[in-house]
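Here's the structure we're looking at; comments come further down.
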Amino acid sequence: MNYSQRLIDHFRNPRNAGMMRDPDGVGEGNFDGCGDLARFSLKVVDGRVSDVRFQTYGCGPTIAASSAGSELAIGRPVSELLALSEQQVTAAVDGLPDERLHAAQVVAGAIRAAARDYLARRNTQNRSEVRPHV
Amino acid sequence: MNYSQRLIDHFRNPRNAGMMRDPDGVGEGNFDGCGDLARFSLKVVDGRVSDVRFQTYGCGPTIAASSAGSELAIGRPVSELLALSEQQVTAAVDGLPDERLHAAQVVAGAIRAAARDYLARRNTQNRSEVRPHV
Amino acid sequence: MNRRVYLDHNASTQVHPEVVAAMLPYFGERFGNPSSVHAFGQEAREGLEIAREQISHFLGVGKDEVIFTSGGTESDNLAVKGVAWARGTGHIITSEIEHHAVLRTCQFLEGQGFAVTYLPVDGEGLVDPDDVRRAIRPDTILITIMHANSEVGTVQPVEAIGPIARERGIPFHVDGVQTFGKIPIDLDRFRIDLLSFSSHKIYGPKGVAGLYVRKGTKMVAVQHGGEHERRRRAGTENVPAIVGFGKAVEIRAREMGAEALRLTALRNKLWAGIGARVPEVRLNGHPTRRLPGTLNMCFRNVESESIVLGLDLKGVGVSAGSACTSGNVEPSYVLVAMGVPLDWAMGSVRATLGRENTEEDIDYVLEVLPPLVERIRSLSPTAVS
Amino acid sequence: MNRRVYLDHNASTQVHPEVVAAMLPYFGERFGNPSSVHAFGQEAREGLEIAREQISHFLGVGKDEVIFTSGGTESDNLAVKGVAWARGTGHIITSEIEHHAVLRTCQFLEGQGFAVTYLPVDGEGLVDPDDVRRAIRPDTILITIMHANSEVGTVQPVEAIGPIARERGIPFHVDGVQTFGKIPIDLDRFRIDLLSFSSHKIYGPKGVAGLYVRKGTKMVAVQHGGEHERRRRAGTENVPAIVGFGKAVEIRAREMGAEALRLTALRNKLWAGIGARVPEVRLNGHPTRRLPGTLNMCFRNVESESIVLGLDLKGVGVSAGSACTSGNVEPSYVLVAMGVPLDWAMGSVRATLGRENTEEDIDYVLEVLPPLVERIRSLSPTAVS
Ligand SMILES: Cc1ncc(COP(=O)(O)O)c(C=O)c1O
Ligand SMILES: Cc1ncc(COP(=O)(O)O)c(C=O)c1O
């Protein structure tokens, strides 16, 4: 595959991989008919993402896009992430081959879901335990 | 085509080509569906062929086989030529490719016809003018 | 050793040294399967895509409109069967002088229930566009006419036939195996929807050819298997040959124009020289609408193959228009369709010139051919019916 | 620069230097069209016939029983369609794990009204000869079973299937693309009537393959045109590639036996090393009835392509059993047919060894693969359904 140097760097040295204790929002993304799965967990301070962790099962580009997506998310207002597009994720790995565009979809979907989850939790403030929606 | 040296020599330097004045026997050979045509004329002395001439229209091997056939015929008893086989002609050019075996057929046929013509003329001695049978 | 003069470029050509050089890395280091994801595969894929770019650029078409095949024959089969099978049933228009790759494919399709019209040609080998128009039926699904005939070199009026096809919405396939890289092909102006074009006629390697398929043309695959060539031609791509083909086309792009002029001049010199030295010879094909390097002529009362052999023994390679195989004489079906009388047709000889031919080559042929014809004629009974 | 280790020999192989050397004259001096009568053509034909001799000798068959094609895919298409169309109608028996060249050809024929039985395989990828026997119908016209599967390397009991076919007078086609030149094929003992075999899997060039057709087997041509290959495969022969193929086969004849042993040992070392270092990994295919150089394994909860990419970045070329294209995950249909559970099948990786691989290559892979699997697993959510 002709992947970009940036994608390959993210695949080799993924940033922000792993689990998170007591996340403020959790979301998963997967793609119709594709086994790829990404789970993003967010910490939010003052409406901005202060920390991100992802766990991803998938091909190299999906792993790389997860890493790049986590960097995109950190420091942004959650409200912005609600509209995070796959194009933004694709751009963050300097492009994807046509047949690997799903990598960005999976990741953008997971991050949007995590943002929605954060907002949903805030609106139902008196919940004590939180489970990611799957 | 992988023709023998002997065939090529006969093609390049055909022996006994041409017409003959007052032949004792004339025969033609051609091959079903094939445009190739050989005409042999014989002179006969004491039942033996003393001279031969051929005229041939055809591909290289047919021309070469005509030349080789003419050499085969000279000096032989006419009776032997009645049974001249295509194998003998083929051998006289050191073999022919499968798809060119017709060359020997045309030539052997022409020589046999010339031999038959000679015998027929002898049997009907008081004919004055002779036309080759076609 | 004789001088060697190759005058059979419509049959095949010597691979250009630059082309061989371009191919070599793809037998060695860059040997991967282009479908493989790893670097070994991607290095091969890169070669494939460069070639596709070179060729689509030369044709002025999109990269996804070019399919690589194993040869001109396969391109023709794919075009004709691919379009026919996409429809399932219907009527095809072609000509009597197409290459066997088209003719026998059409005959095969007739066996499957398709209808085929074989258009006649005139004495110079031209299809009449009005005949095409008249042959069109409501169920006509394909018109397939070659660009130039390989035997006589006559260039068909595809520029007049294409618009007729387009107007009726019928896909138009052109067998351009003998014209691609030799004379210009304007796919848009000629309204061509499918074009067969080949490598080994233009100093590229054997074993590779292409089919241009205009976007939107309904076609199915004919060779089934993996998902190569956008699912239109299964089978591991012949990467080194495709790379060589691309290079050959790139070279043609820069050489074609000048060479066409040079070959036309050489060919005319050859014909003029023969005409001046040999009696009872006629030119076959169109005097001007003809491939630059192609000269086809008939020597009356001479059998073609004796000339081919005689010239071969002098180091000159030409081809015979009639072939006497297994005892069956087969005068060229192209000449027969053109109405050439049998006693002429049997003596047809084709000389096709190419890039390495020189003036000296022509002089040499003019030296050895006339006495050869004379000698062979002298062996022949005067009149042959 | 990384060490480069190619472990994808079932996909394609580097052309042997002796093979390239044998081909070169046929791009240059001996470039003629083998159908041409003159010396230029005959020099090319000579190469063709030498190759046919080398290959038919290796197979122990008659020269006229070998047809050259453009690739394994074409050979399979020709065998299956050629036999089917010679009959016109009927029933075909094949297996679920054939190469797409056979499977999709069978599906195409189903569309034309032929009936096809796709036999299942067991957990190790074997077809049961009794299943073949039971599947036979009065109208069965062809049995086509591959010799060894390209993904898992399982070698089918063709020696048991052939006699069943022969007993019932049904032609038996074997796709030997992955076994030809790697393990012995006894056409007579196995009662094989048609065998597909290819060049680029055994250090020969791409773009050429062969089909053995036992004398007397009824078959029609599939690609129509000129009268090449005894009218069974039209199209100018790819002479240089055919010459290279012949040479490659000649080399295999002398190298095959020793290399099979060496590759088996290397492969076993690789598998033993992985088994010792990586948890949750399983072997796919038959433990012993397997191609010498083929190792297919599943890493649980890892997606194949991430391993392929990770190894690629370390210079190691392997292939993935699942391919995630256009957002559709496609676990290998071969593994699915073998009943491999999905969470395993998604993580299948194929390493196929060849002549240039060394002990050091294996050591290197054993150094880089285990930490890679571990790292990728560490990124993954613990359980994926
Ligand atoms: C017009 C035309 N079409 C098709 C072909 C077939 O090409 P190939 O024999 O290389 O497959 C030829 C070859 O002579 C040709 O001249
Ligand atoms: C068993 C088998 N058959 C057929 C083929 C098709 O070969 P090709 O893609 O070279 O046409 C392959 C190639 O992988 C194969 O492994």
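Residues in the structure tokens are named by chain (A, B, ... in the order shown) and by number from 1 within that chain; ligands are numbered from 1 in the order shown.
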Quiz item: Please, which residues have at least one atom within 8 Å of an atom of ligand 1, using only C-alpha atoms and all ligand atoms, listed as an NGL selection string?
Solution: (:C and (10-12 or 70-76 or 98-102 or 146-151 or 175-178 or 196 or 198 or 200-201 or 206-207 or 209)) or (:D and (225-226 or 234-237))
Quiz item: Asn30 (chain B): which residues within 8 Å, counting only C-alpha atoms, same-chain residues fewer than 4 positions away excluded, as an MDAnalysis selection string?
Solution: chainID B and resid 34:38 105:107 109:110
Go ahead and write the residues just picked, C-alpha atoms, as a PDB file, in the first residue's frame.
```pdb
ATOM      1  CA  CYS B  34      -4.073 -27.302 -53.687  1.00  0.00           C
ATOM      2  CA  GLY B  35      -3.066 -24.989 -56.489  1.00  0.00           C
ATOM      3  CA  ASP B  36       0.318 -26.665 -56.848  1.00  0.00           C
ATOM      4  CA  LEU B  37       0.918 -28.177 -60.247  1.00  0.00           C
ATOM      5  CA  ALA B  38       3.832 -30.156 -61.659  1.00  0.00           C
ATOM      6  CA  GLN B 105       2.513 -36.203 -53.620  1.00  0.00           C
ATOM      7  CA  VAL B 106       2.233 -33.751 -56.475  1.00  0.00           C
ATOM      8  CA  VAL B 107       5.606 -34.743 -57.888  1.00  0.00           C
ATOM      9  CA  GLY B 109       1.778 -38.232 -59.040  1.00  0.00           C
ATOM     10  CA  ALA B 110       3.123 -36.329 -62.027  1.00  0.00           C
TER      11      ALA B 110
END
```
Quick check: residues of chain B within 12 Å of chain D, only C-alpha atoms, returned as a PDB file with C-alpha atoms, in the first residue's frame.
```pdb
ATOM      1  CA  MET B   1      10.422 -23.464 -42.402  1.00  0.00           C
ATOM      2  CA  ASN B   2      12.998 -25.948 -41.366  1.00  0.00           C
ATOM      3  CA  TYR B   3      13.814 -27.402 -44.741  1.00  0.00           C
ATOM      4  CA  CYS B  59       5.685 -23.388 -53.146  1.00  0.00           C
ATOM      5  CA  GLY B  60       9.384 -23.890 -52.561  1.00  0.00           C
TER       6      GLY B  60
END
```
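Put simply, CA of Asp343 (chain C) is 28.8 Å away from CA of Asp131 (chain C).
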Exercise. Mind giving me the straight-line distance from CA of Ala120 (chain B) to CA of Arg15 (chain B) in Å, one decimal?
Key: 26.8 Å
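With only C-alpha atoms taken into account, the protein and nucleic acid residues at most 12 Å from Val5 (chain C) (excluding it and anything under 4 positions from it in its own chain) are His9, Leu311, Asp312, Leu313, Lys314, Gly315, Val316, Gly317, Val318, Ala351, Thr352, Leu353, Gly354, Arg355, Glu356, Asn357, Thr358, Glu359, Glu360, Asp361, Ile362, Asp363, Tyr364, Val365, Leu366 and Val368 of chain C; His38, Ala39 and Phe40 of chain D.
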Can I get the selected residues back with C-alpha atoms, as a compact mmCIF listing (two decimals), in the first residue's frame?
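The resulting out-v5.txt:
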```txt
# COMPACT_ATOMS: atom_id res chain seq x y z
CA HIS C 9 6.79 -5.75 -39.15
CA LEU C 311 13.80 -14.23 -50.37
CA ASP C 312 14.34 -16.01 -47.07
CA LEU C 313 17.34 -17.76 -48.57
CA LYS C 314 18.65 -14.31 -49.39
CA GLY C 315 18.11 -13.14 -45.81
CA VAL C 316 14.93 -11.19 -46.53
CA GLY C 317 11.83 -11.86 -44.43
CA VAL C 318 8.48 -11.18 -46.08
CA ALA C 351 6.47 -6.56 -47.25
CA THR C 352 5.98 -4.46 -44.12
CA LEU C 353 8.65 -1.99 -43.14
CA GLY C 354 9.76 -0.77 -39.76
CA ARG C 355 12.12 1.42 -37.84
CA GLU C 356 15.36 -0.42 -38.51
CA ASN C 357 14.88 -0.60 -42.30
CA THR C 358 17.13 1.57 -44.44
CA GLU C 359 17.46 2.68 -48.04
CA GLU C 360 20.16 0.04 -48.42
CA ASP C 361 17.66 -2.63 -47.35
CA ILE C 362 15.34 -1.56 -50.11
CA ASP C 363 18.16 -1.48 -52.66
CA TYR C 364 19.11 -4.99 -51.64
CA VAL C 365 15.56 -6.27 -52.08
CA LEU C 366 15.34 -4.60 -55.45
CA VAL C 368 17.42 -9.95 -55.31
CA HIS D 38 11.08 -17.00 -42.88
CA ALA D 39 14.19 -17.45 -40.74
CA PHE D 40 13.21 -14.64 -38.34
```
Self-check item: Neighbour list for region 255-265 of chain C as a ChimeraX atom specification, cut-off 12 Å, only C-alpha atoms, skip fewer than 2 positions in-chain
Solution: /C:7,9,58,153,179-185,202-203,248-253,267-272,287-295,351-359,362
Quiz item: Can you list, as a PyMOL selection string, every protein, DNA or RNA residue that comes within 7 Å of Glu86 (chain B) when you count only C-alpha atoms, leaving out same-chain residues fewer than 3 positions away?
Solution: chain B and resi 89-90+104-105+108
Quiz prompt | Residue list (strand (DSSP E), DSSP) for region 186-321 of chain D, as an MDAnalysis selection string | solution = chainID D and resid 194:198 209:213 281:284 294:299 316:317 319:320
Restricting it to C-alpha atoms, dump the selection as a PDB file, in the first residue's frame.
```
ATOM      1  CA  LEU D 194      -6.162 -31.659 -17.649  1.00  0.00           C
ATOM      2  CA  LEU D 195      -3.577 -29.842 -15.555  1.00  0.00           C
ATOM      3  CA  SER D 196      -3.172 -26.077 -15.150  1.00  0.00           C
ATOM      4  CA  PHE D 197       0.383 -25.052 -14.335  1.00  0.00           C
ATOM      5  CA  SER D 198       2.084 -21.709 -14.198  1.00  0.00           C
ATOM      6  CA  ALA D 209       1.319 -20.702 -18.109  1.00  0.00           C
ATOM      7  CA  GLY D 210       0.321 -24.023 -19.543  1.00  0.00           C
ATOM      8  CA  LEU D 211      -2.523 -26.426 -19.792  1.00  0.00           C
ATOM      9  CA  TYR D 212      -1.893 -30.116 -20.175  1.00  0.00           C
ATOM     10  CA  VAL D 213      -4.700 -31.829 -22.061  1.00  0.00           C
ATOM     11  CA  VAL D 281      -1.920 -18.643  17.383  1.00  0.00           C
ATOM     12  CA  ARG D 282      -3.117 -21.612  15.350  1.00  0.00           C
ATOM     13  CA  LEU D 283      -1.950 -23.384  12.231  1.00  0.00           C
ATOM     14  CA  ASN D 284      -4.269 -23.504   9.235  1.00  0.00           C
ATOM     15  CA  THR D 294       3.533 -22.726   2.964  1.00  0.00           C
ATOM     16  CA  LEU D 295       2.699 -21.600   6.494  1.00  0.00           C
ATOM     17  CA  ASN D 296      -0.728 -20.162   7.204  1.00  0.00           C
ATOM     18  CA  MET D 297      -1.633 -19.220  10.745  1.00  0.00           C
ATOM     19  CA  CYS D 298      -4.214 -17.211  12.637  1.00  0.00           C
ATOM     20  CA  PHE D 299      -3.438 -14.764  15.388  1.00  0.00           C
ATOM     21  CA  VAL D 316       9.167  -8.626   5.527  1.00  0.00           C
ATOM     22  CA  GLY D 317       6.594  -9.459   2.860  1.00  0.00           C
ATOM     23  CA  SER D 319       0.126 -11.835   2.893  1.00  0.00           C
ATOM     24  CA  ALA D 320      -3.122 -11.430   4.764  1.00  0.00           C
TER      25      ALA D 320
END
```
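Across C:Val239, C:Ile141, C:Leu78, C:Ala21, the tightest approach to ligand 2 is made by C:Val239 when counting only C-alpha atoms and all ligand atoms.
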Quiz prompt | Residue set, chain B restricted to alpha helix (DSSP H), as JSON, numbers by chain | solution = {"B": [5, 6, 7, 8, 9, 10, 11, 12, 60, 61, 62, 63, 64, 65, 66, 67, 68, 69, 70, 71, 72, 73, 78, 79, 80, 81, 86, 87, 88, 89, 90, 91, 92, 102, 103, 104, 105, 106, 107, 108, 109, 110, 111, 112, 113, 114, 115, 116, 117, 118, 119, 120, 121, 122, 123]}
Quiz item: Of the candidates C:Ile307, C:Val66, C:Val158, C:Ile164, which shows the shortest atom-to-atom distance to chain D, using only C-alpha atoms?
Solution: C:Ile307
Exercise. For Gly47 (chain B), please output as an NGL selection string all residues within 12 Å (counting only C-alpha atoms; exclusion window: fewer than 6 positions along the same chain).
Key: :B and (24-25 or 74-81 or 115 or 118-119 or 122)
Selected residues, N, CA and C atoms, written as a short mmCIF file (atom, residue, chain, number, x, y, z; two decimals), in the first residue's frame, please.
```
data_model
loop_
_atom_site.label_atom_id
_atom_site.label_comp_id
_atom_site.auth_asym_id
_atom_site.auth_seq_id
_atom_site.Cartn_x
_atom_site.Cartn_y
_atom_site.Cartn_z
N ASP B 24 8.22 -38.53 -74.87
CA ASP B 24 7.62 -39.87 -75.04
C ASP B 24 6.48 -40.09 -74.05
N GLY B 25 6.48 -39.30 -73.00
CA GLY B 25 5.38 -39.39 -72.02
C GLY B 25 5.29 -38.10 -71.25
N ILE B 74 15.54 -40.19 -63.82
CA ILE B 74 16.49 -40.43 -64.91
C ILE B 74 17.24 -41.75 -64.71
N GLY B 75 17.27 -42.56 -65.77
CA GLY B 75 18.01 -43.81 -65.72
C GLY B 75 17.19 -45.00 -65.23
N ARG B 76 15.99 -44.72 -64.72
CA ARG B 76 15.19 -45.85 -64.20
C ARG B 76 14.31 -46.46 -65.28
N PRO B 77 13.98 -47.75 -65.13
CA PRO B 77 12.98 -48.34 -66.02
C PRO B 77 11.63 -47.66 -65.77
N VAL B 78 10.90 -47.40 -66.86
CA VAL B 78 9.59 -46.75 -66.72
C VAL B 78 8.68 -47.57 -65.82
N SER B 79 8.82 -48.89 -65.91
CA SER B 79 7.94 -49.76 -65.12
C SER B 79 8.08 -49.46 -63.63
N GLU B 80 9.30 -49.17 -63.21
CA GLU B 80 9.50 -48.84 -61.80
C GLU B 80 8.79 -47.55 -61.42
N LEU B 81 8.79 -46.60 -62.36
CA LEU B 81 8.22 -45.29 -62.04
C LEU B 81 6.71 -45.34 -61.84
N ALA B 115 4.75 -41.75 -66.67
CA ALA B 115 5.10 -43.13 -66.98
C ALA B 115 3.90 -43.85 -67.62
N TYR B 118 3.44 -42.73 -71.13
CA TYR B 118 4.37 -43.37 -72.04
C TYR B 118 3.86 -44.75 -72.44
N LEU B 119 3.43 -45.53 -71.44
CA LEU B 119 2.97 -46.89 -71.73
C LEU B 119 1.72 -46.87 -72.58
N ARG B 122 2.64 -46.15 -76.14
CA ARG B 122 3.28 -47.30 -76.77
C ARG B 122 2.22 -48.31 -77.20
#
```
Non-local contacts of Pro171 (chain D) (8 Å; only C-alpha atoms; under 4 positions in same chain excluded) as a PDB file with N, CA and C atoms, in the first residue's frame:
```
ATOM      1  N   ILE D 141     -19.966 -33.834 -16.313  1.00  0.00           N
ATOM      2  CA  ILE D 141     -19.067 -33.741 -17.468  1.00  0.00           C
ATOM      3  C   ILE D 141     -17.647 -33.373 -17.080  1.00  0.00           C
ATOM      4  N   LEU D 142     -17.443 -32.944 -15.842  1.00  0.00           N
ATOM      5  CA  LEU D 142     -16.110 -32.499 -15.432  1.00  0.00           C
ATOM      6  C   LEU D 142     -15.989 -32.509 -13.913  1.00  0.00           C
ATOM      7  N   ILE D 143     -14.835 -32.990 -13.456  1.00  0.00           N
ATOM      8  CA  ILE D 143     -14.479 -32.850 -12.046  1.00  0.00           C
ATOM      9  C   ILE D 143     -13.230 -31.988 -12.017  1.00  0.00           C
ATOM     10  N   ALA D 165     -12.945 -40.491 -11.040  1.00  0.00           N
ATOM     11  CA  ALA D 165     -13.360 -39.813 -12.271  1.00  0.00           C
ATOM     12  C   ALA D 165     -13.158 -40.732 -13.473  1.00  0.00           C
ATOM     13  N   ARG D 166     -11.973 -41.339 -13.537  1.00  0.00           N
ATOM     14  CA  ARG D 166     -11.637 -42.184 -14.684  1.00  0.00           C
ATOM     15  C   ARG D 166     -12.600 -43.348 -14.833  1.00  0.00           C
ATOM     16  N   ILE D 192      -5.006 -37.768 -14.159  1.00  0.00           N
ATOM     17  CA  ILE D 192      -5.348 -36.387 -14.478  1.00  0.00           C
ATOM     18  C   ILE D 192      -5.487 -36.223 -15.985  1.00  0.00           C
ATOM     19  N   ASP D 193      -6.574 -35.609 -16.422  1.00  0.00           N
ATOM     20  CA  ASP D 193      -6.791 -35.389 -17.853  1.00  0.00           C
ATOM     21  C   ASP D 193      -6.399 -33.987 -18.280  1.00  0.00           C
ATOM     22  N   LEU D 194      -6.561 -33.042 -17.360  1.00  0.00           N
ATOM     23  CA  LEU D 194      -6.162 -31.659 -17.649  1.00  0.00           C
ATOM     24  C   LEU D 194      -5.457 -31.094 -16.427  1.00  0.00           C
ATOM     25  N   THR D 217      -8.993 -35.989 -24.920  1.00  0.00           N
ATOM     26  CA  THR D 217      -9.936 -35.224 -24.100  1.00  0.00           C
ATOM     27  C   THR D 217     -10.673 -34.228 -24.978  1.00  0.00           C
TER      28      THR D 217
END
```
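With only C-alpha atoms and all ligand atoms as the basis for measurement, D:Leu103 is the residue among D:Ile161, D:Leu372, D:Val340, D:Leu103 that approaches ligand 2 most closely.
Here CA of Asp9 (chain A) and CA of Ala64 (chain A) stand 7.8 Å from one another.
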